[in-house]
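Visitor: There's a structure below that I have some questions on.
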Amino acid sequence: MPASPRRATLATVAASAGVSVATVSKVLNGRSDVSPATRSLVQSLLRQHDYVAPAPRREPSGLATVEVQFDTDLTAYSTEIIQGAVAAGAEAGVGVVVSIRSGEARTTAWARGLVAAGRRALIAVTSELTSGQPAALARARLPLVLIDPLNLPRTRVTSIGSTNFAGGLAAAGHLLSLGHRRIAYVGGPATAACNQARMAGYRAAMEAEGAPVPPEYVRSGHFRYHDGVEGGAAVLDLPDPPTAIFAGSDEMAVGILEAARARNLRIPEDLSIVGFDDTQIAQITSPPLTTIRQPLREMGGVALRTALRLAAGERIDSHHVELATELVVRGSTAPVPRRP
């Protein structure tokens, strides 16, 4: 995290207001024995100085907590991350609180709320952050760890991810080894760092084999089922459709399965599909999904342990950690079908 500016204290605010520290404390605690004019002045200066109350070491329950925060509704991917973080928290004697924040600006007030709730650190998953949001957390002395960030702010932050490029390379390489040359990629947001890496791996494998990648073979969405349905339909309805599709997530792959079935295509006889994540979804689809295993539980655990190290003031060896991905072959891929 960037070097944290000096945090304002009660004494700083009291000096600016020309009142005692006790008076500032009364305002903070909602006491009634302060004049309205003084209260208004002190509250204004608290905001001006970005004052954040020191974080309590433990919640009233006696258990320290780390917050794992998502920007969207929870999915099978989210569940794996949470399970890894909860397991690591149990080992460390730390509680894990899960929250969802969608469409709400993250500012100083947001950081203050986390500190007031007694959080030791924040783990943000697949979030898109501005440079001001990590800065607000830094002022509050609240460590931040990102998992699979959609973007990396200009300020230095600590992040955990996987070898997305290698995963994309392995997915496309597997399909190429089965004889496929018309391979499409239906992935996540075009600007997301993890999606860009997966797509780059796919393109690198295709280029190495001299397999063309027409622009219409690459689609972007939001790693969700309905995006898989729409993206799958778009490429399968092309005049020269692909014989295989690499999906940016398991959830998208299931959507592509549905788009294929709506067109009476058999999996894998007529179309091969590879997903990404290896969530439980991959094992219960019909047929079971060939996918790239992303070590999601391990990522959650590493993020939790890293957050606690930062909260304890320890130095960490690297501000970005990538865990290895792995190809898992199941029933959704097969050799390229013969043309009639």
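To be explicit about the labels: the chains of the structure tokens are called A, B, and onward in the order shown, and within each one the residues are counted from 1, while ligands get numbers from 1 in the order they are shown.
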As number ranges by chain, please: the residues near Gln196 (chain A) (cut-off 10 Å, only C-alpha atoms, same-chain neighbours under 6 positions excluded).
Guide: A: 150, 164-165, 168, 187-190, 202
Visitor: Might you pull out every residue within 8 Å of Ala136 (chain A), with only C-alpha atoms counted and same-chain residues fewer than 4 positions away left off, and present them as a PyMOL selection string?
Guide: chain A and resi 107-108+111+132+140
Visitor: Within 7 Å of region 16-21 of chain A, counting only C-alpha atoms, which residues show up once you throw out same-chain ones fewer than 6 positions away? Write them as a tab-separated table (two decimals) with C-alpha atoms, in the first residue's frame, please.
Guide:
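What ended up in around13.tsv:
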```tsv
chain	number	residue	atom	x	y	z
A	10	LEU	CA	-8.62	14.51	18.42
A	41	LEU	CA	-17.90	23.64	13.95
A	42	VAL	CA	-16.34	20.46	15.33
```
Visitor: List the spatial neighbours of Leu142 (chain A) as a ChimeraX atom specification - criterion: any atom at most 7 Å away, only C-alpha atoms, same-chain residues fewer than 2 positions off excluded.
Guide: /A:120-121,137-138,140,144
Visitor: Can you list every residue in region 67-222 of chain A that DSSP puts in strand (DSSP E or B), as a PyMOL selection string?
Guide: chain A and resi 67-70+95-100+119-125+144-147+158-162+183-187+218-220
Visitor: Can those selected residues be exported to a file as a tab-separated table (two decimals), in the first residue's frame so that it contains N, CA, C and O atoms?
Guide:
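Result file is result_15.tsv:
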```tsv
chain	number	residue	atom	x	y	z
A	67	GLU	N	-13.15	-8.16	6.58
A	67	GLU	CA	-14.31	-8.10	5.69
A	67	GLU	C	-13.92	-8.54	4.28
A	67	GLU	O	-12.90	-8.09	3.74
A	68	VAL	N	-14.71	-9.44	3.69
A	68	VAL	CA	-14.54	-9.85	2.30
A	68	VAL	C	-15.70	-9.21	1.54
A	68	VAL	O	-16.86	-9.54	1.79
A	69	GLN	N	-15.37	-8.33	0.62
A	69	GLN	CA	-16.39	-7.50	-0.01
A	69	GLN	C	-16.47	-7.78	-1.51
A	69	GLN	O	-15.45	-7.84	-2.20
A	70	PHE	N	-17.70	-7.95	-1.99
A	70	PHE	CA	-17.96	-8.18	-3.41
A	70	PHE	C	-18.76	-7.02	-3.97
A	70	PHE	O	-19.50	-6.35	-3.26
A	95	GLY	N	-12.58	-13.80	12.58
A	95	GLY	CA	-13.85	-13.96	11.91
A	95	GLY	C	-13.83	-13.33	10.53
A	95	GLY	O	-13.06	-12.40	10.26
A	96	VAL	N	-14.68	-13.82	9.64
A	96	VAL	CA	-14.79	-13.28	8.28
A	96	VAL	C	-16.22	-12.79	8.08
A	96	VAL	O	-17.18	-13.52	8.31
A	97	VAL	N	-16.35	-11.53	7.69
A	97	VAL	CA	-17.64	-10.92	7.39
A	97	VAL	C	-17.73	-10.72	5.89
A	97	VAL	O	-16.82	-10.17	5.26
A	98	VAL	N	-18.83	-11.16	5.28
A	98	VAL	CA	-19.03	-11.04	3.84
A	98	VAL	C	-20.04	-9.93	3.57
A	98	VAL	O	-21.09	-9.86	4.22
A	99	SER	N	-19.72	-9.06	2.61
A	99	SER	CA	-20.64	-7.98	2.27
A	99	SER	C	-20.67	-7.78	0.76
A	99	SER	O	-19.77	-8.21	0.04
A	100	ILE	N	-21.73	-7.15	0.31
A	100	ILE	CA	-21.89	-6.82	-1.11
A	100	ILE	C	-22.15	-5.33	-1.22
A	100	ILE	O	-23.08	-4.82	-0.60
A	119	ARG	N	-13.12	-3.69	11.74
A	119	ARG	CA	-12.43	-4.55	10.78
A	119	ARG	C	-10.91	-4.38	10.89
A	119	ARG	O	-10.41	-3.27	11.02
A	120	ARG	N	-10.20	-5.50	10.80
A	120	ARG	CA	-8.75	-5.47	10.79
A	120	ARG	C	-8.22	-5.14	9.40
A	120	ARG	O	-7.16	-4.56	9.24
A	121	ALA	N	-8.97	-5.58	8.36
A	121	ALA	CA	-8.52	-5.41	6.98
A	121	ALA	C	-9.70	-5.63	6.06
A	121	ALA	O	-10.75	-6.15	6.47
A	122	LEU	N	-9.53	-5.25	4.80
A	122	LEU	CA	-10.56	-5.45	3.79
A	122	LEU	C	-9.99	-6.27	2.64
A	122	LEU	O	-8.90	-5.99	2.14
A	123	ILE	N	-10.74	-7.29	2.21
A	123	ILE	CA	-10.42	-8.06	1.01
A	123	ILE	C	-11.51	-7.75	0.00
A	123	ILE	O	-12.68	-8.05	0.24
A	124	ALA	N	-11.15	-7.14	-1.11
A	124	ALA	CA	-12.11	-6.78	-2.15
A	124	ALA	C	-11.95	-7.75	-3.32
A	124	ALA	O	-10.84	-7.95	-3.81
A	125	VAL	N	-13.05	-8.35	-3.74
A	125	VAL	CA	-13.01	-9.40	-4.77
A	125	VAL	C	-13.61	-8.88	-6.07
A	125	VAL	O	-14.72	-8.33	-6.07
A	144	LEU	N	-5.64	-3.23	2.62
A	144	LEU	CA	-6.48	-3.67	1.51
A	144	LEU	C	-5.76	-4.75	0.73
A	144	LEU	O	-4.59	-4.61	0.38
A	145	VAL	N	-6.48	-5.84	0.44
A	145	VAL	CA	-5.98	-6.90	-0.45
A	145	VAL	C	-7.04	-7.13	-1.52
A	145	VAL	O	-8.22	-7.29	-1.19
A	146	LEU	N	-6.64	-7.14	-2.77
A	146	LEU	CA	-7.56	-7.38	-3.88
A	146	LEU	C	-7.42	-8.81	-4.38
A	146	LEU	O	-6.32	-9.34	-4.44
A	147	ILE	N	-8.54	-9.41	-4.77
A	147	ILE	CA	-8.53	-10.71	-5.44
A	147	ILE	C	-9.11	-10.52	-6.83
A	147	ILE	O	-10.21	-9.98	-6.99
A	158	THR	N	-1.95	-4.38	-2.89
A	158	THR	CA	-1.61	-5.80	-2.79
A	158	THR	C	-2.74	-6.60	-3.43
A	158	THR	O	-3.91	-6.38	-3.14
A	159	SER	N	-2.38	-7.53	-4.31
A	159	SER	CA	-3.40	-8.29	-5.02
A	159	SER	C	-3.03	-9.76	-5.13
A	159	SER	O	-1.85	-10.11	-5.16
A	160	ILE	N	-4.07	-10.59	-5.18
A	160	ILE	CA	-3.92	-12.03	-5.32
A	160	ILE	C	-4.67	-12.45	-6.58
A	160	ILE	O	-5.81	-12.05	-6.80
A	161	GLY	N	-4.04	-13.26	-7.40
A	161	GLY	CA	-4.69	-13.75	-8.62
A	161	GLY	C	-4.17	-15.12	-8.98
A	161	GLY	O	-3.57	-15.82	-8.16
A	162	SER	N	-4.42	-15.51	-10.22
A	162	SER	CA	-3.92	-16.79	-10.71
A	162	SER	C	-3.20	-16.56	-12.03
A	162	SER	O	-3.22	-15.46	-12.58
A	183	ILE	N	-11.74	-21.84	-33.18
A	183	ILE	CA	-11.96	-21.77	-31.73
A	183	ILE	C	-12.31	-20.34	-31.35
A	183	ILE	O	-11.54	-19.41	-31.65
A	184	ALA	N	-13.44	-20.14	-30.70
A	184	ALA	CA	-13.87	-18.81	-30.27
A	184	ALA	C	-13.57	-18.60	-28.79
A	184	ALA	O	-13.39	-19.56	-28.02
A	185	TYR	N	-13.51	-17.33	-28.39
A	185	TYR	CA	-13.35	-16.99	-26.98
A	185	TYR	C	-14.51	-16.11	-26.56
A	185	TYR	O	-14.73	-15.02	-27.11
A	186	VAL	N	-15.28	-16.57	-25.58
A	186	VAL	CA	-16.39	-15.80	-25.01
A	186	VAL	C	-16.01	-15.51	-23.56
A	186	VAL	O	-16.04	-16.40	-22.71
A	187	GLY	N	-15.62	-14.27	-23.29
A	187	GLY	CA	-15.05	-13.96	-21.99
A	187	GLY	C	-15.74	-12.83	-21.26
A	187	GLY	O	-16.85	-12.44	-21.58
A	218	VAL	N	-14.33	-13.40	-31.00
A	218	VAL	CA	-14.00	-12.93	-29.64
A	218	VAL	C	-15.15	-12.07	-29.13
A	218	VAL	O	-15.49	-11.05	-29.73
A	219	ARG	N	-15.76	-12.52	-28.03
A	219	ARG	CA	-16.89	-11.81	-27.43
A	219	ARG	C	-16.60	-11.49	-25.97
A	219	ARG	O	-15.86	-12.23	-25.30
A	220	SER	N	-17.16	-10.40	-25.47
A	220	SER	CA	-16.97	-10.03	-24.07
A	220	SER	C	-18.32	-9.89	-23.38
A	220	SER	O	-19.33	-9.60	-24.02
```
Visitor: What parts of region 12-257 of chain A does DSSP call alpha helix (DSSP H)? I'd like the answer as a PyMOL selection string.
Guide: chain A and resi 12-17+21-28+36-48+76-92+108-116+132-139+164-177+193-208+225-236+250-257
Visitor: Ranking A:Ala262, A:Ala85, A:Ile292, A:Leu169 by minimum distance to Ala204 (chain A) and counting only C-alpha atoms, which one comes first?
Guide: A:Leu169
Visitor: Env of region 267-276 of chain A: 7 Å cut, atoms = only C-alpha atoms, seq-sep filter 2 positions within chain, self excluded. Answer as a list in words.
Guide: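 What passes the distance filter is Ala171, Thr243, Ala244, Ile245, Phe246, Ala247, Gly248, Ser249, Asp250, Ala253, Leu265, Asp278, Leu289, Thr290, Thr291, Ile292, Arg293, Ser332, Thr333, Ala334 and Pro337 of chain A.
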Visitor: When you count only C-alpha atoms, which of these residues is closest to Leu323 (chain A): A:Leu308, A:Thr38, A:Thr163, A:Val13?
Guide: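 For Leu323 (chain A), the nearest of the candidates is A:Thr163.
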Visitor: What is the CA of Ala193 (chain A) to CA of Pro149 (chain A) distance in Å?
Guide: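 Going from CA of Ala193 (chain A) over to CA of Pro149 (chain A), I get 7.0 Å.
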Visitor: Set the distance at 9 Å and use only C-alpha atoms: which residues neighbour Ala260 (chain A) once local chain neighbours fewer than 4 positions away are removed? I'd like the list as number ranges by chain.
Guide: A: 229, 232-233, 236, 255-256, 264-267, 271
Visitor: Those same residues - N, CA, C and O atoms - I'd like them written as a short mmCIF file (atom, residue, chain, number, x, y, z; two decimals), in the first residue's frame.
Guide:
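File produced: part-v2.cif:
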```
data_model
loop_
_atom_site.label_atom_id
_atom_site.label_comp_id
_atom_site.auth_asym_id
_atom_site.auth_seq_id
_atom_site.Cartn_x
_atom_site.Cartn_y
_atom_site.Cartn_z
N VAL A 229 -24.88 -17.33 -22.67
CA VAL A 229 -25.96 -17.64 -23.62
C VAL A 229 -25.89 -16.70 -24.83
O VAL A 229 -25.92 -17.14 -25.99
N GLY A 232 -22.47 -17.15 -26.74
CA GLY A 232 -22.49 -18.42 -27.45
C GLY A 232 -23.39 -18.38 -28.67
O GLY A 232 -23.03 -18.85 -29.75
N ALA A 233 -24.58 -17.79 -28.51
CA ALA A 233 -25.51 -17.68 -29.63
C ALA A 233 -24.90 -16.86 -30.76
O ALA A 233 -25.04 -17.21 -31.94
N LEU A 236 -22.19 -18.99 -32.54
CA LEU A 236 -22.73 -20.20 -33.16
C LEU A 236 -23.63 -19.86 -34.35
O LEU A 236 -23.86 -20.72 -35.22
N GLY A 255 -23.81 -21.25 -19.91
CA GLY A 255 -24.65 -20.49 -20.82
C GLY A 255 -24.42 -20.89 -22.27
O GLY A 255 -25.38 -20.97 -23.07
N ILE A 256 -23.18 -21.15 -22.62
CA ILE A 256 -22.86 -21.59 -23.98
C ILE A 256 -23.44 -22.98 -24.23
O ILE A 256 -23.94 -23.26 -25.33
N ASN A 264 -29.65 -27.49 -31.25
CA ASN A 264 -29.57 -28.93 -31.49
C ASN A 264 -28.14 -29.40 -31.73
O ASN A 264 -27.91 -30.35 -32.48
N LEU A 265 -27.20 -28.74 -31.08
CA LEU A 265 -25.81 -29.17 -31.16
C LEU A 265 -25.48 -30.06 -29.97
O LEU A 265 -25.84 -29.75 -28.83
N ARG A 266 -24.81 -31.16 -30.21
CA ARG A 266 -24.43 -32.09 -29.15
C ARG A 266 -23.06 -31.71 -28.61
O ARG A 266 -22.16 -31.32 -29.36
N ILE A 267 -22.92 -31.86 -27.29
CA ILE A 267 -21.66 -31.60 -26.62
C ILE A 267 -21.10 -32.92 -26.12
O ILE A 267 -21.79 -33.63 -25.39
N LEU A 271 -19.73 -29.78 -30.74
CA LEU A 271 -19.07 -28.58 -30.23
C LEU A 271 -18.35 -28.90 -28.93
O LEU A 271 -18.93 -29.52 -28.04
#
```
